[in-house]
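Below: one structure, written as structure tokens.
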Amino acid sequence: MPFRQNLLHLKDSVKDKMRSRSPSPQPAPRGSQSTSNVPIQEIGHSGSSSQLAPSITGSQSASNIPPVPSPQPMPSVPGQGMGHSHSPSQTTLAAPSSQNDYSAIVGLDPRTGPPTISQRIKEGGSTAHAGLTQVVEGLYDCSDMFLPLKTAAGVFLTIDKVYDRVKTNAEEFKDLEVKLNAILLIVKKYKEAGSMNVLQQRIDTFCQAIITQMEAVQDLHNHPLWKRTAESTKDADKIRKIFQTMSILCDVFQIDTQLNIDRNVTDILKLLESTATIDRLRSKTKSYKDRRSSEPHGNPTGCLPGTRVKLLEKLEAWALNESAEKKVYWLRGMAGTGKSTISHTLCEILDKKQMLGASVFCSRVDADTSNANLIIPAIAYALALTSPVAKAKIVEAIKDDDYLASPTYLDPKDKMRKLICDPMSRQGIKACKTVVIDALDECTDLDHVYSLLHAIISPKFDIPLKFFIASRDEDLIRTALRQEETFELHEVEKDVVRGDIRRYLKKSLEEIRVKRSISLAWPPQDEFTSLCDRSGILFIYAATVVRYVDSIFYESRLSDLIREGFEQGEASIDQLYGNILEIACRERNKQEIHLMRELVSIVVFLQNPLPLKDIADLWRPASRLASRPASRPASGPRDVDIVERYLSLLTSVIYVPTDKDAAVTPFHASFPDFIKDSKRCSPFLPPDFAALDHSESHEMLALRCLQHLNKELRHNIGEIPKDFTVSRRGRRNLPDNVSKISASLKYACIFWASHLTEIEVPTSGLMDALDDFLREHLLHWIECLSILGELRTGVNSLLTMKNAPLFSKQTDHKDHQHLLDDACQLLRNNFEVIKDYCMEIYQSAQVWIPKDSLIRKIYAEKIDQVPKISLGLFNSWGPTELIMSTHHAAGSVAFSQDDRRVVAGSDDHIVQIWDAMTGELELKLKGHTGSVRSVAFSHDGSRVVSGSNDNTVRIWDVMTGEMKLELKGHTNWVRSVAFCQDGSRVVSGSRDGTVKIWNAKTGKLKLELKNDTDWMNPGWVHTGWVRSVAFSQDGNRVVSGSDDKTVKIWNAETGNMEFELKGHTGSVNSVAFSQDGRRVVSGSNDETVRIWNVVKGEMEFVMQGHTRWVYSVAFSQNGRRVVSGSEDKTVRIWNAEKGEMEFELKGHTDSVFSVGLSQDESRIVSGSGDNTVRIWNAPIEGMKFELKRHINPAWSVGFSWDGNKVVSGSDDNAVRIWNVVKGEMEFELRGHTRKVTSVAFSQDNSRIVSGSADKTVRIWNAVKGEMMFELQGHTDWVESVEFSQDGNRVVSGSNDNAVRIWNVVKGEMEFELQGHTRKVTSVAFSQDNSRIVSGSADKTVRIWNAEKGEIVFELQGHTTWVRSVAFSQDGSRVVSASIDNTVLIWNAKTKSSIDFIPGSDYTDSALQHSGVFSPLTNFSLIPSHDDKWLLGLHQDCWIPPYYGHVLAFSCSSSRICLGFSSGVVVLDMIVAP
């Protein structure tokens, strides 16, 4: 056979073998790694500079390329399996290391570098030939691994004699050798790793090219004049060119392989991204494969073979008939008719035929399986797993509309269309699959079920999906399915059902007979017939009987059931349940029956199922001794054994698992329904086993929970080492601590309050247990919740207790209610710190509890063990529930519709969202480039809209924090935005004078309101800025308020104006509709709030009371109240029916820019220029908030030298002297006409100096509280003042750039020190009074001669403002702190910087806070830069947000005086032993 034919034959045989042994590459499971990254990884490890052949690409460093996932999993390299420790280079991806894999491709020796030309020439031809032959033989030996490579190597070996005639080609041979050697090493690695499939196609192509080149050489070999021709220069050049081409092919092979890897990586990343997107639809809903049925041991099961045959055949025919007109099949029936079993079997049938689209089995057992809102996402998730086409479209839909994956998104029609209808269109999917939804009636919100069914049956899309729905015959479900007439109603035929039940009973009883070796005569035919009659059409009856009879008492149990009277329908299952309970109670005394009933009550009313052991733990507290028979000693059976013994009597109705960690639950929902309904169960229950009363059962569980808490809770339940219980910033809960808390204790911690709220008239025993809990274990409970990560549940528990019926109907438990209120405030205001570290409930949180708080009195002993506030502690919690810091002025705030969240926009361009219950920050939405002026939630809470000074409107996804749309069109600041009720539109008002309505889904402009009467400002709806806009509730109208002093009502469909309301005499800053759309409220710069009748177009009330501009107004939900916020720093509540003010809320220290009311009208939210958002308790009648503190922020504070007094300077122009020992104010010094910026005591504590924005320095007699001197001379604000050590002089620094020295004995100026070029921010005397140091905004520190008034040194080193300066005690050093985030320590004699302290807590504190900068000897106590902590040497202390920002601080020994935006506080960090 000619040589070429031999090659082709070999080539074809190789392909056939490769096809037979090499499966197609499969997608990799998540987490698998790529064999294709082996060469890349080797480059990184060897330090090679190339991942491709440098001679071809000059490529980038491979060390920058991360390992990538593989398109197929790779077996582990021997010795690197599970349990073996290995370095990253030894993972299953890493082949044996080789330094020259890729450097050899370009002929480089990594050890010696590139050879010189002369060195290459000297390499002998024989050496080149031998080396090349050895490498090719190595490639040939790889035949078992990859046959095409053997083909190429074999051809090469057949023509090796070429070398003998072409000795001048030694250099080319050597070059080819090293490159082939590199390929050999790579291929060996893949062989060892078992992952050749990835490179098969690439190597095949490479080998074919090599064979082509070899064929050219073979042609020369076959030439009759071979020897003579080979020696000719022409043929030698030809052969050399062939081998050069082969060398280039090696390089191309490398590039081709790498490009393939890159493509695979891209595909894998796309796959992972789509998988991550689809995973967002996953929930804890149950499919037919993972549901727990009502059969013994919880094994999912379908219909018994031979039963329900006709029905199942009909269902299968309907499901498989793609031409069937009706796409919805409703299987309805009463509880216990076997609907779920039928659904399960249908799923099995369809799944085997690959025609099951999805299955969702609802259940009232837990929140996820009873949440109808999760059904459509669960269906979409299942469809995505079975159809790549659908998956791609669903991923695309989520990317286009991210909130589709949000579990809180409540628009079922939109979700149905985008997640199911559009992706399942017949364009790419042909087979019609069926979605099975079982027990839809067990969803808790049937209104949402109604909406869900409408979404399923309403789309007119031609989609290949059918829906099988099984449920009870609920009114809302029937109504929804009848409206469209697109379903096939089927009630299970009674005669067929009876026959199926007969077959089921016959088979099940036969299994019992065989298992228990019973005679063939059992059961008697008459008993069997009677049993079949009793079962009727209720499969649950038959199943329950089978479970009940299956015991050693099989004969008596069956006979007892048969002897009882016979009922029909639902009464038959009621009778059966009654019989089972009656038999279980036989021959048992009342005490034992009571115990059994109590255990049944626990199982039925538990909010979350528990295992046997934990049920025993809850049951134990009150019944351990009472239930113990007199004959049984104290060391008798364990409680869990007692519980198991009694519940085992009821295993036919209650699932008692053999696995002790599995939960005990009722087998079927019909049993709890029966036992809780006294009308149904009373005729059938034994005399001493009464129906389970709702309130009584919850009271029993509440009592058990409280008793369990009182018994098990203790200080430091997590057993944290003592050294770590001391308060320190940065400490966190450890996950291991959770294991110290049992499931029963966790249950009691989480659910005690939910049980209590179901009780109307509590017993004295319950209230005693509650009293013990609140007075002894309240703090322990909070500690436990923190460890469990359930602190939010604790807040919710305390909030729900406020409105519990047991308190509303009881007047003698006010202390309990006050204590619960106190605990709620304590927890909410310290939530952030307690959430992170459980022990802070005993530390920082105790420090700040108000004086009159009941919790402070009860837990006084514990409070004595924490730092003590001697001055400035609040008297009460006040009306403010929560304070959230925004760090910049909060210009707009709003509640979500469900009141769970608060959103705020601020001057730092950020939109922030908080949990309205805990104050926990959930999201920061960044994207705006200007101040955010307005924010609002959509009605469903899934989106937020914001308007900004960057002229844009943006819509954000609340779940992900991503910006969904940016609406551009305004040409000036956007001052106001709002959603319409259905969330489809957004309205915006701007400083450009326009009002625009946008499509909130597409971002397109829908309508621009017109004002055809204003020809001077075409396009303007007002003649001034539009400051506020709002939709009416029905979305048909828009109201706008403007600088032109008018309020206008517009038709939102046509854009035409309906009314123009005039009356305000200043700009209208805020407008809002009432819920009924009949009234509008407006707030104005004229300091009034006005209510307008928009039906008549006239004003109803003018409400006066604010003393400055009104910035914001809002109606309550019922329209009876209006809330307003003003520049006068107050929030006011008005009676909207009488036009009168009801309440005034004070607490903000700056203008209130925005207000809002919760839907239940119990809370108010406000945003202020004081950089806070506050949530207030709205019903506050009779509540006072009196604090002995400044009315305005304390900008400067200072201790007296003996530490017993504090002086403060305030925003209200006053200087106050406080007695720290007594905790009271001694003097209020009036005289300054603007805010006081700096204060200080003289060394002998007899005098005080103060500097003010009124440009004066004043000297006060601290003993008499009188002014001694007013020192005038500065021409701008006085920023800093200080006494000399002898008290004879005062130094002051001012915004006029000057430092002045004053003689305070004579009351005159001694020196004016000029030199600074910008304002002087801080001044201080040296200890010997001879020198003065000053810091300035000109970035310098200067030392002055205080006797001559001359400059001594100018110290340069800071890069921006110097905020604070001080001398050391011996005067040898100066310390300075700057806004450049550094502290510098200087040699005061040589002017050199001797130390540098970069950004730190101390530095940040010095920058953040004005006032006295502690000397070098007192760095032991400072506020942190974020105002959240006091940092001490021995312990730290959290600062709750309701005190505001730290504006100034001063230290004296263990005491620190803090000037807050809310006043002055003195804290002693020494803890009593």
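Naming works like this for the structure tokens: A, B, ... for the chains as they're shown, residue 1 at the start of each chain, ligands 1 onward in shown order.
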Contact residues around A:Gly1147 with only C-alpha atoms at 8 Å, ignoring same-chain residues under 2 positions, as a list in words: Thr880, Lys1129, Thr1130, Leu1145, Thr1149 and Ser1462 of chain A
What are the DSSP alpha helix (DSSP H) residues of stretch 397-555 of chain A, as a PyMOL selection string? chain A and resi 397-400+412-415+446-457+475-484+494-515+525-535+539-549+554-555
Enumerate as a ChimeraX atom specification all residues of stretch 1150-1230 of chain A assigned to strand (DSSP E or B) by DSSP on the backbone, naming them with the chain letters and numbers the document uses. /A:1152-1157,1163-1168,1172-1177,1194-1199,1205-1210,1215-1219,1224-1229
Print the selection's residues with N, CA and C atoms to a file, as a tab-separated table (two decimals), in the first residue's frame.
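Dumped everything to out-v8.tsv:
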chain	number	residue	atom	x	y	z
A	1152	VAL	N	-35.93	70.34	60.67
A	1152	VAL	CA	-36.54	69.07	60.28
A	1152	VAL	C	-37.00	69.23	58.83
A	1153	PHE	N	-36.33	68.52	57.92
A	1153	PHE	CA	-36.57	68.68	56.50
A	1153	PHE	C	-37.65	67.76	55.96
A	1154	SER	N	-37.92	66.65	56.64
A	1154	SER	CA	-38.85	65.67	56.09
A	1154	SER	C	-39.51	64.87	57.19
A	1155	VAL	N	-40.80	64.55	57.00
A	1155	VAL	CA	-41.54	63.73	57.97
A	1155	VAL	C	-42.41	62.74	57.23
A	1156	GLY	N	-42.79	61.68	57.93
A	1156	GLY	CA	-43.70	60.69	57.38
A	1156	GLY	C	-44.36	59.93	58.50
A	1157	LEU	N	-45.53	59.33	58.22
A	1157	LEU	CA	-46.29	58.55	59.20
A	1157	LEU	C	-46.32	57.09	58.77
A	1163	ARG	N	-46.29	55.50	64.51
A	1163	ARG	CA	-44.94	56.03	64.49
A	1163	ARG	C	-44.77	57.13	63.46
A	1164	ILE	N	-43.83	58.00	63.74
A	1164	ILE	CA	-43.48	59.10	62.85
A	1164	ILE	C	-42.00	59.00	62.55
A	1165	VAL	N	-41.62	59.26	61.31
A	1165	VAL	CA	-40.21	59.32	60.94
A	1165	VAL	C	-39.89	60.75	60.54
A	1166	SER	N	-38.69	61.20	60.92
A	1166	SER	CA	-38.28	62.56	60.58
A	1166	SER	C	-36.81	62.58	60.21
A	1167	GLY	N	-36.47	63.41	59.25
A	1167	GLY	CA	-35.08	63.60	58.83
A	1167	GLY	C	-34.67	65.04	59.05
A	1168	SER	N	-33.43	65.25	59.52
A	1168	SER	CA	-33.05	66.58	59.98
A	1168	SER	C	-31.66	66.99	59.50
A	1172	THR	N	-29.42	63.22	61.44
A	1172	THR	CA	-30.07	62.04	62.00
A	1172	THR	C	-31.44	61.83	61.37
A	1173	VAL	N	-31.86	60.57	61.42
A	1173	VAL	CA	-33.24	60.19	61.13
A	1173	VAL	C	-33.80	59.64	62.42
A	1174	ARG	N	-34.95	60.14	62.85
A	1174	ARG	CA	-35.57	59.69	64.10
A	1174	ARG	C	-36.91	59.03	63.82
A	1175	ILE	N	-37.17	57.97	64.58
A	1175	ILE	CA	-38.50	57.35	64.58
A	1175	ILE	C	-39.12	57.63	65.93
A	1176	TRP	N	-40.30	58.25	65.92
A	1176	TRP	CA	-40.99	58.69	67.14
A	1176	TRP	C	-42.21	57.82	67.41
A	1177	ASN	N	-42.54	57.72	68.67
A	1177	ASN	CA	-43.78	57.08	69.08
A	1177	ASN	C	-44.88	58.13	68.98
A	1194	ALA	N	-23.71	71.28	72.68
A	1194	ALA	CA	-22.61	71.80	73.49
A	1194	ALA	C	-21.34	71.74	72.66
A	1195	TRP	N	-20.86	72.88	72.19
A	1195	TRP	CA	-19.72	72.93	71.27
A	1195	TRP	C	-18.38	72.88	71.98
A	1196	SER	N	-18.40	73.16	73.27
A	1196	SER	CA	-17.13	73.15	74.00
A	1196	SER	C	-17.40	72.75	75.44
A	1197	VAL	N	-16.52	71.92	76.01
A	1197	VAL	CA	-16.64	71.49	77.39
A	1197	VAL	C	-15.25	71.49	78.03
A	1198	GLY	N	-15.22	71.62	79.35
A	1198	GLY	CA	-13.95	71.56	80.06
A	1198	GLY	C	-14.15	71.26	81.53
A	1199	PHE	N	-13.25	70.45	82.10
A	1199	PHE	CA	-13.27	70.14	83.52
A	1199	PHE	C	-12.60	71.25	84.31
A	1205	LYS	N	-16.19	69.93	88.68
A	1205	LYS	CA	-17.12	70.76	87.94
A	1205	LYS	C	-16.80	70.69	86.45
A	1206	VAL	N	-17.80	71.04	85.67
A	1206	VAL	CA	-17.66	71.08	84.22
A	1206	VAL	C	-18.27	72.38	83.74
A	1207	VAL	N	-17.62	72.98	82.75
A	1207	VAL	CA	-18.18	74.15	82.09
A	1207	VAL	C	-18.47	73.77	80.64
A	1208	SER	N	-19.56	74.30	80.13
A	1208	SER	CA	-19.94	74.00	78.74
A	1208	SER	C	-20.40	75.27	78.05
A	1209	GLY	N	-20.12	75.30	76.74
A	1209	GLY	CA	-20.59	76.40	75.90
A	1209	GLY	C	-21.50	75.86	74.84
A	1210	SER	N	-22.60	76.56	74.60
A	1210	SER	CA	-23.67	75.96	73.80
A	1210	SER	C	-24.07	76.82	72.61
A	1215	VAL	N	-23.29	79.90	78.67
A	1215	VAL	CA	-22.23	79.15	79.35
A	1215	VAL	C	-22.85	78.57	80.61
A	1216	ARG	N	-22.64	77.29	80.84
A	1216	ARG	CA	-23.24	76.65	82.00
A	1216	ARG	C	-22.16	75.99	82.84
A	1217	ILE	N	-22.35	76.05	84.15
A	1217	ILE	CA	-21.44	75.40	85.09
A	1217	ILE	C	-22.21	74.27	85.77
A	1218	TRP	N	-21.61	73.07	85.75
A	1218	TRP	CA	-22.26	71.87	86.25
A	1218	TRP	C	-21.48	71.30	87.43
A	1219	ASN	N	-22.22	70.85	88.44
A	1219	ASN	CA	-21.60	70.16	89.56
A	1219	ASN	C	-21.63	68.67	89.26
A	1224	GLU	N	-25.87	68.20	88.84
A	1224	GLU	CA	-26.84	69.24	88.55
A	1224	GLU	C	-26.15	70.53	88.10
A	1225	MET	N	-26.94	71.40	87.45
A	1225	MET	CA	-26.39	72.66	86.98
A	1225	MET	C	-26.34	73.67	88.12
A	1226	GLU	N	-25.21	74.39	88.22
A	1226	GLU	CA	-25.07	75.42	89.26
A	1226	GLU	C	-25.40	76.80	88.72
A	1227	PHE	N	-24.88	77.12	87.54
A	1227	PHE	CA	-25.11	78.46	86.98
A	1227	PHE	C	-25.34	78.38	85.48
A	1228	GLU	N	-26.18	79.27	84.99
A	1228	GLU	CA	-26.32	79.50	83.56
A	1228	GLU	C	-25.90	80.94	83.32
A	1229	LEU	N	-24.82	81.11	82.58
A	1229	LEU	CA	-24.21	82.42	82.40
A	1229	LEU	C	-24.62	83.00	81.05
Tell me which of A:Met959, A:Leu1431, A:Val903, A:Leu734 sits closest to A:Phe937, counting only C-alpha atoms.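 Using only C-alpha atoms, the shortest distance to A:Phe937 belongs to A:Val903.
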Show me, as JSON, numbers by chain, the residues that have an atom within 10 Å of A:Ile913 when counting only C-alpha atoms, minus same-chain residues fewer than 4 positions from it. {"A": [893, 894, 895, 896, 901, 902, 903, 904, 905, 919, 920, 921, 922, 923, 924, 925, 944, 958, 961]}
Can you write just those residues out, N, CA, C and O atoms, as a short mmCIF file (atom, residue, chain, number, x, y, z; two decimals), in the first residue's frame?
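part.cif was written with the following content:
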data_model
loop_
_atom_site.label_atom_id
_atom_site.label_comp_id
_atom_site.auth_asym_id
_atom_site.auth_seq_id
_atom_site.Cartn_x
_atom_site.Cartn_y
_atom_site.Cartn_z
N VAL A 893 -37.22 61.59 54.01
CA VAL A 893 -37.41 60.29 54.66
C VAL A 893 -38.78 59.74 54.30
O VAL A 893 -39.69 60.49 53.93
N ALA A 894 -38.93 58.42 54.41
CA ALA A 894 -40.23 57.80 54.16
C ALA A 894 -40.26 56.40 54.75
O ALA A 894 -39.23 55.71 54.80
N PHE A 895 -41.45 55.96 55.20
CA PHE A 895 -41.69 54.59 55.61
C PHE A 895 -42.04 53.75 54.39
O PHE A 895 -42.63 54.26 53.43
N SER A 896 -41.70 52.46 54.43
CA SER A 896 -42.24 51.53 53.44
C SER A 896 -43.70 51.26 53.79
O SER A 896 -44.14 51.55 54.91
N ARG A 901 -39.43 49.22 56.94
CA ARG A 901 -38.20 49.89 56.57
C ARG A 901 -38.41 51.40 56.52
O ARG A 901 -39.52 51.89 56.36
N VAL A 902 -37.27 52.11 56.64
CA VAL A 902 -37.25 53.56 56.48
C VAL A 902 -36.16 53.89 55.48
O VAL A 902 -35.07 53.30 55.52
N VAL A 903 -36.46 54.80 54.58
CA VAL A 903 -35.47 55.24 53.60
C VAL A 903 -35.19 56.73 53.82
O VAL A 903 -36.08 57.48 54.22
N ALA A 904 -33.95 57.13 53.59
CA ALA A 904 -33.58 58.53 53.72
C ALA A 904 -32.58 58.90 52.63
O ALA A 904 -31.71 58.10 52.26
N GLY A 905 -32.72 60.10 52.10
CA GLY A 905 -31.74 60.66 51.17
C GLY A 905 -31.04 61.82 51.84
O GLY A 905 -31.66 62.58 52.59
N GLY A 919 -33.42 49.74 63.70
CA GLY A 919 -32.50 50.81 63.34
C GLY A 919 -31.25 50.32 62.64
O GLY A 919 -30.31 51.09 62.42
N GLU A 920 -31.24 49.06 62.26
CA GLU A 920 -30.07 48.47 61.61
C GLU A 920 -30.02 48.92 60.15
O GLU A 920 -31.00 48.84 59.42
N LEU A 921 -28.84 49.40 59.73
CA LEU A 921 -28.67 49.84 58.35
C LEU A 921 -28.66 48.62 57.44
O LEU A 921 -27.87 47.70 57.61
N GLU A 922 -29.54 48.61 56.43
CA GLU A 922 -29.63 47.49 55.51
C GLU A 922 -28.91 47.76 54.19
O GLU A 922 -28.23 46.89 53.66
N LEU A 923 -29.07 48.97 53.66
CA LEU A 923 -28.49 49.26 52.35
C LEU A 923 -28.02 50.70 52.26
O LEU A 923 -28.62 51.61 52.86
N LYS A 924 -26.94 50.89 51.50
CA LYS A 924 -26.52 52.21 51.07
C LYS A 924 -26.55 52.21 49.55
O LYS A 924 -25.86 51.41 48.91
N LEU A 925 -27.37 53.08 48.97
CA LEU A 925 -27.53 53.12 47.53
C LEU A 925 -26.73 54.30 46.99
O LEU A 925 -27.05 55.46 47.25
N VAL A 944 -37.27 51.75 45.48
CA VAL A 944 -37.18 53.10 46.02
C VAL A 944 -36.89 54.04 44.86
O VAL A 944 -36.09 53.71 43.97
N VAL A 958 -34.68 47.28 46.18
CA VAL A 958 -34.47 47.28 47.63
C VAL A 958 -33.77 46.01 48.11
O VAL A 958 -33.04 46.03 49.09
N GLY A 961 -30.01 46.33 46.17
CA GLY A 961 -29.30 47.61 46.26
C GLY A 961 -28.84 48.12 44.92
O GLY A 961 -28.10 49.11 44.85
#
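Atom CA of A:Leu374 is positioned 8.5 Å from atom CA of A:Leu281.
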